[in-house]
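So this block is entry_2.txt, compact mmCIF, C-alpha atoms:
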# COMPACT_ATOMS: atom_id res chain seq x y z
CA MET A 1 -0.84 -18.39 -11.25
CA ALA A 2 -3.46 -17.77 -8.60
CA ASP A 3 -7.13 -17.62 -9.59
CA LEU A 4 -8.20 -14.03 -9.09
CA GLY A 5 -11.85 -14.42 -10.03
CA GLY A 6 -11.81 -11.48 -12.42
CA LEU A 7 -10.17 -9.12 -9.92
CA LEU A 8 -7.31 -8.25 -12.25
CA ASP A 9 -8.81 -8.73 -15.68
CA PRO A 10 -6.36 -8.36 -18.59
CA SER A 11 -8.72 -5.75 -20.09
CA ARG A 12 -7.78 -3.47 -17.18
CA ILE A 13 -4.04 -3.83 -17.74
CA ARG A 14 -2.64 -1.11 -20.03
CA LEU A 15 1.05 -0.95 -20.81
CA ASP A 16 1.20 2.22 -22.91
CA GLY A 17 -0.37 4.83 -20.66
CA ARG A 18 0.23 8.56 -20.89
CA ALA A 19 -0.76 11.13 -18.30
CA ALA A 20 0.31 14.74 -17.85
CA ASP A 21 0.21 14.54 -14.08
CA ARG A 22 -0.81 12.52 -11.04
CA THR A 23 -4.41 13.74 -11.13
CA GLU A 24 -4.84 12.55 -14.71
CA ALA A 25 -3.29 9.16 -13.91
CA VAL A 26 -5.56 8.68 -10.88
CA ARG A 27 -8.59 9.62 -13.01
CA GLN A 28 -7.53 7.07 -15.64
CA ALA A 29 -7.31 4.33 -13.00
CA GLY A 30 -10.67 5.42 -11.59
CA GLU A 31 -12.32 5.47 -15.00
CA LEU A 32 -11.15 1.92 -15.72
CA LEU A 33 -12.78 0.87 -12.42
CA VAL A 34 -15.98 2.74 -13.35
CA ALA A 35 -16.02 1.15 -16.82
CA ALA A 36 -15.65 -2.27 -15.21
CA GLY A 37 -18.75 -1.61 -13.11
CA ALA A 38 -16.70 -2.05 -9.93
CA VAL A 39 -17.32 1.45 -8.54
CA ASP A 40 -19.71 4.38 -8.82
CA PRO A 41 -18.21 7.50 -10.44
CA SER A 42 -17.97 9.24 -7.05
CA TYR A 43 -15.19 6.80 -6.12
CA VAL A 44 -12.82 8.64 -8.46
CA GLU A 45 -13.18 11.80 -6.36
CA SER A 46 -12.47 9.76 -3.25
CA MET A 47 -9.25 8.48 -4.89
CA LEU A 48 -8.15 12.06 -5.61
CA GLU A 49 -9.01 13.10 -2.06
CA ARG A 50 -6.82 10.32 -0.69
CA GLU A 51 -3.84 11.38 -2.87
CA ASP A 52 -4.23 14.94 -1.58
CA SER A 53 -4.02 13.78 2.04
CA VAL A 54 -1.44 10.98 1.82
CA SER A 55 0.30 9.93 -1.39
CA THR A 56 -0.05 6.31 -2.45
CA TYR A 57 3.38 6.29 -4.11
CA MET A 58 5.05 3.18 -2.68
CA GLY A 59 8.59 3.41 -4.06
CA GLU A 60 10.29 1.51 -6.92
CA GLY A 61 8.19 3.49 -9.41
CA VAL A 62 4.85 2.10 -8.21
CA ALA A 63 1.76 3.98 -6.96
CA ILE A 64 -1.41 2.28 -5.75
CA PRO A 65 -4.24 4.86 -5.81
CA HIS A 66 -7.41 3.91 -3.95
CA GLY A 67 -10.27 5.64 -2.18
CA THR A 68 -10.72 6.81 1.39
CA ALA A 69 -12.65 4.94 4.09
CA GLY A 70 -15.60 7.18 3.17
CA GLY A 71 -15.25 6.15 -0.48
CA LYS A 72 -15.88 2.48 0.25
CA ALA A 73 -19.64 3.00 -0.05
CA ALA A 74 -19.07 3.63 -3.78
CA VAL A 75 -17.40 0.24 -4.30
CA ARG A 76 -19.65 -2.43 -5.83
CA SER A 77 -17.06 -5.18 -6.23
CA ASP A 78 -13.35 -5.69 -5.62
CA ALA A 79 -11.29 -4.83 -8.70
CA MET A 80 -7.83 -3.66 -9.66
CA THR A 81 -6.30 -1.91 -12.65
CA VAL A 82 -2.73 -1.63 -13.88
CA VAL A 83 -1.52 1.15 -16.15
CA ARG A 84 2.13 1.39 -17.09
CA TYR A 85 3.47 4.85 -17.98
CA PRO A 86 6.70 4.41 -19.95
CA ALA A 87 7.46 8.14 -19.62
CA GLY A 88 6.61 8.17 -15.91
CA VAL A 89 4.23 10.39 -13.95
CA ASP A 90 5.46 12.86 -11.34
CA TRP A 91 3.78 11.69 -8.12
CA GLY A 92 5.26 14.36 -5.87
CA ASN A 93 7.34 12.03 -3.71
CA GLY A 94 8.54 9.92 -6.64
CA THR A 95 7.99 9.12 -10.31
CA ALA A 96 5.39 6.45 -10.97
CA HIS A 97 5.87 4.10 -13.91
CA VAL A 98 3.25 1.62 -12.80
CA VAL A 99 -0.07 2.75 -11.35
CA ILE A 100 -2.20 0.09 -9.72
CA GLY A 101 -5.74 1.25 -8.98
CA ILE A 102 -7.61 -0.51 -6.20
CA ALA A 103 -11.29 -0.75 -5.29
CA ALA A 104 -12.01 -3.10 -2.43
CA VAL A 105 -14.52 -3.76 0.28
CA GLY A 106 -13.56 -7.41 0.70
CA GLU A 107 -10.30 -9.26 0.85
CA GLY A 108 -10.07 -10.44 -2.75
CA HIS A 109 -7.22 -8.08 -3.53
CA LEU A 110 -5.02 -9.07 -0.60
CA PRO A 111 -3.07 -11.79 -2.45
CA VAL A 112 -2.15 -9.26 -5.15
CA LEU A 113 -0.99 -6.74 -2.55
CA ALA A 114 1.07 -9.47 -0.87
CA ALA A 115 2.69 -10.33 -4.21
CA LEU A 116 3.30 -6.63 -4.92
CA ALA A 117 4.85 -6.15 -1.46
CA GLU A 118 7.42 -8.80 -2.34
CA VAL A 119 8.08 -7.36 -5.80
CA LEU A 120 8.83 -4.00 -4.18
CA MET A 121 11.38 -5.62 -1.86
CA ASP A 122 13.16 -7.21 -4.83
CA PRO A 123 14.79 -4.56 -7.05
CA GLU A 124 15.18 -7.01 -9.94
CA ARG A 125 11.48 -7.95 -10.06
CA ALA A 126 10.45 -4.33 -9.45
CA GLU A 127 12.48 -3.41 -12.55
CA ARG A 128 10.73 -6.18 -14.51
CA LEU A 129 7.36 -4.74 -13.50
CA ARG A 130 8.40 -1.22 -14.58
CA VAL A 131 9.67 -2.24 -18.00
CA SER A 132 7.19 -5.02 -18.79
CA THR A 133 5.70 -4.92 -22.28
CA GLU A 134 3.59 -8.08 -21.90
CA VAL A 135 0.34 -8.33 -19.96
CA ASP A 136 1.24 -11.90 -19.00
CA ASP A 137 4.48 -10.72 -17.35
CA VAL A 138 2.56 -8.22 -15.25
CA LEU A 139 0.00 -10.86 -14.28
CA GLU A 140 2.73 -13.30 -13.37
CA LEU A 141 4.50 -10.78 -11.12
CA LEU A 142 1.30 -9.70 -9.39
CA THR A 143 -0.15 -13.15 -8.84
CA ALA A 144 2.97 -14.95 -7.64
CA PRO A 145 2.09 -17.04 -4.60
CA VAL A 146 3.44 -15.63 -1.33
CA GLU A 147 4.50 -17.76 1.61
CA ASP A 148 2.93 -16.71 4.86
CA MET B 1 7.02 10.49 25.24
CA PRO B 2 5.93 6.80 25.35
CA SER B 3 8.57 4.20 24.62
CA ILE B 4 8.95 0.43 24.60
CA GLU B 5 11.81 -2.02 24.43
CA GLY B 6 12.01 -3.77 21.06
CA SER B 7 12.11 -7.14 22.81
CA GLN B 8 8.73 -6.40 24.47
CA VAL B 9 6.86 -5.79 21.20
CA ARG B 10 4.26 -8.51 20.60
CA LYS B 11 1.89 -6.61 18.32
CA LEU B 12 2.69 -3.83 15.88
CA VAL B 13 -0.23 -1.95 14.30
CA ILE B 14 -0.23 0.27 11.22
CA ALA B 15 -2.91 2.92 11.68
CA CYS B 16 -4.46 4.26 8.49
CA ASP B 17 -7.60 5.53 6.84
CA ALA B 18 -9.11 3.04 4.42
CA GLY B 19 -6.97 -0.04 5.08
CA MET B 20 -7.32 -0.85 1.40
CA GLY B 21 -3.87 -0.39 -0.08
CA SER B 22 -0.74 1.20 1.28
CA SER B 23 -1.06 0.07 4.91
CA VAL B 24 -1.88 -3.47 3.79
CA LEU B 25 1.18 -3.54 1.57
CA MET B 26 3.35 -2.24 4.39
CA ALA B 27 1.93 -4.85 6.78
CA ASN B 28 2.91 -7.57 4.30
CA GLN B 29 6.46 -6.30 4.13
CA LEU B 30 6.80 -6.01 7.92
CA LYS B 31 5.44 -9.55 8.38
CA LYS B 32 8.26 -10.74 6.20
CA ARG B 33 10.91 -8.68 7.95
CA LEU B 34 9.75 -9.60 11.46
CA LYS B 35 8.86 -13.21 10.68
CA ASP B 36 11.45 -14.62 13.08
CA ASN B 37 10.54 -12.32 15.97
CA GLY B 38 7.01 -13.60 16.57
CA VAL B 39 5.54 -10.11 16.25
CA VAL B 40 1.91 -9.91 15.11
CA ILE B 41 1.42 -7.25 12.42
CA GLU B 42 -2.02 -5.72 11.84
CA HIS B 43 -3.50 -2.61 10.31
CA SER B 44 -6.43 -0.72 11.79
CA PRO B 45 -8.39 2.50 11.44
CA ILE B 46 -6.92 5.35 13.48
CA ASP B 47 -9.89 5.39 15.86
CA ALA B 48 -9.90 1.62 16.41
CA ILE B 49 -6.32 0.75 17.39
CA PRO B 50 -6.40 -2.67 19.09
CA VAL B 51 -6.00 -2.44 22.88
CA ASP B 52 -3.14 -4.95 22.82
CA ALA B 53 -1.06 -3.02 20.27
CA ASP B 54 2.42 -2.36 21.68
CA VAL B 55 3.62 0.09 19.04
CA VAL B 56 1.76 2.02 16.34
CA LEU B 57 3.12 3.13 12.97
CA THR B 58 1.39 5.81 10.93
CA HIS B 59 2.01 8.35 8.19
CA THR B 60 3.38 11.70 9.41
CA LYS B 61 0.23 13.46 8.16
CA LEU B 62 -1.92 11.23 10.35
CA ALA B 63 0.37 11.24 13.38
CA ASP B 64 -1.49 13.82 15.50
CA ARG B 65 -4.82 12.07 15.02
CA THR B 66 -3.21 8.71 15.73
CA ARG B 67 -1.51 9.91 18.93
CA ALA B 68 -4.87 11.16 20.18
CA HIS B 69 -6.16 7.57 19.98
CA ALA B 70 -3.01 5.65 20.92
CA GLY B 71 -2.98 6.43 24.65
CA ASP B 72 0.34 5.48 26.20
CA ARG B 73 1.55 3.43 23.22
CA PRO B 74 4.47 4.83 21.22
CA VAL B 75 3.48 6.17 17.78
CA VAL B 76 6.22 6.15 15.15
CA ALA B 77 5.54 8.35 12.13
CA PHE B 78 6.86 7.67 8.62
CA ARG B 79 6.79 9.53 5.30
CA ASP B 80 7.31 6.65 2.88
CA PHE B 81 5.48 3.36 2.98
CA VAL B 82 8.54 1.56 1.64
CA GLY B 83 12.12 2.20 2.73
CA ASP B 84 11.45 4.80 5.41
CA PRO B 85 14.29 5.19 7.97
CA ALA B 86 11.80 5.49 10.86
CA VAL B 87 10.29 2.11 9.98
CA ASP B 88 13.74 0.61 9.47
CA GLY B 89 14.57 1.90 12.96
CA VAL B 90 11.59 0.07 14.49
CA VAL B 91 12.56 -3.15 12.71
CA ALA B 92 16.15 -2.79 13.90
CA ALA B 93 15.01 -2.13 17.49
CA ILE B 94 12.83 -5.25 17.48
CA HIS B 95 15.68 -7.33 16.02
CA GLY B 96 18.24 -5.85 18.38
CA GLY B 97 16.16 -5.37 21.52
CA THR B 98 16.76 -1.63 21.75
CA THR B 99 14.29 1.11 22.74
CA ILE B 100 11.55 2.44 20.44
CA ASP B 101 10.54 6.01 21.22
CA GLY B 102 7.32 7.45 19.92

Take the structure in the file and give it back as structure tokens.
Amino acid sequence: MADLGGLLDPSRIRLDGRAADRTEAVRQAGELLVAAGAVDPSYVESMLEREDSVSTYMGEGVAIPHGTAGGKAAVRSDAMTVVRYPAGVDWGNGTAHVVIGIAAVGEGHLPVLAALAEVLMDPERAERLRVSTEVDDVLELLTAPVED
Amino acid sequence: MPSIEGSQVRKLVIACDAGMGSSVLMANQLKKRLKDNGVVIEHSPIDAIPVDADVVLTHTKLADRTRAHAGDRPVVAFRDFVGDPAVDGVVAAIHGGTTIDG
């Protein structure tokens, strides 16, 4: 498993999330980032603004909410969150079961996005991510080394 | 409408806003799919598209802004970051050496 230097701390991985709608789910991701000290509270508004312009639903039940270019000023350190919603959240262009919040000014999160890109191209591993009930499974899927 | 032959594409750029999430993920997937074609895949802000980009991909909602900055390069718009037919079409054109219109 790759060393992520605290980027994807297990304390920010929740497998039993509930949200009434996309806005609530994005706020939950944003609040985990705020609680981690990774972003200022204004970043959450930037995340909602981004969803209103272009959805971050990526397919295979995964959304990756993050801020706009203008929201980057509110990022203090690179961090990610993962909340799994067993009942799903209507994202407009799909139903999200896994919501991965991103705050980044640097490149620390790129290995995780590379691993996620591969998971989304592999229906079997995407299914594992959606139904995972163990934090370690999620970490393993999202930190798998990717060949260049 | 600008166009390019798939066999002439050396650099494909995904134009986006923050460059923090969805475009990065899409770039990763395209690198994998175009690994054997020697195409360089990058992402860039809409107003800073590299001069040597041959074809530009962007979300439909950003397409007008992107076209304003893309000059004579074809701009292909997509709705979904994963599994969009427009993106599949670009990949197929690069693999098969057919024309990309944008």

- [ ] Compile the residues of chain B that lie within 6 Å of chain A, evaluated using all atoms listed in the file, and express the compilation as a list in words.
- [x] Asp17, Ala18, Leu25, Asn28, Gln29, Phe81 and Val82 of chain B

Write a file of the just-selected residues containing C-alpha atoms, as a tab-separated table (two decimals), in the frame of the given file.
chain	number	residue	atom	x	y	z
B	17	ASP	CA	-7.60	5.53	6.84
B	18	ALA	CA	-9.11	3.04	4.42
B	25	LEU	CA	1.18	-3.54	1.57
B	28	ASN	CA	2.91	-7.57	4.30
B	29	GLN	CA	6.46	-6.30	4.13
B	81	PHE	CA	5.48	3.36	2.98
B	82	VAL	CA	8.54	1.56	1.64

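Residue nearest Leu30 of chain B within the list B:Pro50, B:Arg73, B:Ile14, B:Ala68: B:Ile14 [criterion: smallest interatomic distance, all atoms listed in the file].
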
Open item on the list: Residues near segment 9-12 of chain B, anyone? I mean within 12 Å using only C-alpha atoms, not counting same-chain ones fewer than 3 positions away, as number ranges by chain.
Closed with: B: 3-6, 15, 26-27, 30-31, 34-35, 37-44, 49-58, 73-76, 87, 90-91, 93-100

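Residues with any atom within 9 Å of Val138 of chain A, counting all atoms listed in the file and excluding same-chain neighbours fewer than 4 positions away, are Ile13, Val82, Arg128, Leu129, Ser132, Thr133, Glu134, Leu142 and Thr143 of chain A.
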
Task: Counting all atoms listed in the file, the residue of B:Thr60, B:Cys16, B:Ser7, B:Asp47 that sits nearest Asp80 of chain B - done: B:Thr60

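Atom CA of Asp137 of chain A sits 15.5 Å away from atom CA of Pro86 of chain A.
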
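Here atom CA of Trp91 of chain A stands at a distance of 11.2 Å from atom CA of Ala19 of chain A.
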
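Within 9 Å of Glu31 of chain A, once all atoms listed in the file are used and residues closer than 4 positions along the same chain are dropped, the contacting residues are Val26, Arg27, Ala35, Ala36, Pro41 and Val44 of chain A.
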
Task: Ref. answer, residues at most 12 Å from (3.0, 4.5, -20.5) with all atoms listed in the file, as a PyMOL selection string - done: chain A and resi 13-20+25+28+82-89+96-99+130-133

Open item on the list: Please list, as a PyMOL selection string, the residues that have an atom at most 7 Å away from (8.9, 8.4, 13.6) in the coordinates of this file, counting all atoms listed in the file.
Closed with: chain B and resi 76-78+86+102

Dump of C-alpha atoms for the selected residues, as a tab-separated table (two decimals), in the coordinates of the input:
chain	number	residue	atom	x	y	z
B	76	VAL	CA	6.22	6.15	15.15
B	77	ALA	CA	5.54	8.35	12.13
B	78	PHE	CA	6.86	7.67	8.62
B	86	ALA	CA	11.80	5.49	10.86
B	102	GLY	CA	7.32	7.45	19.92

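Take atom CA of Ala48 of chain B and atom CA of Ala92 of chain B: the distance between them is 26.5 Å.
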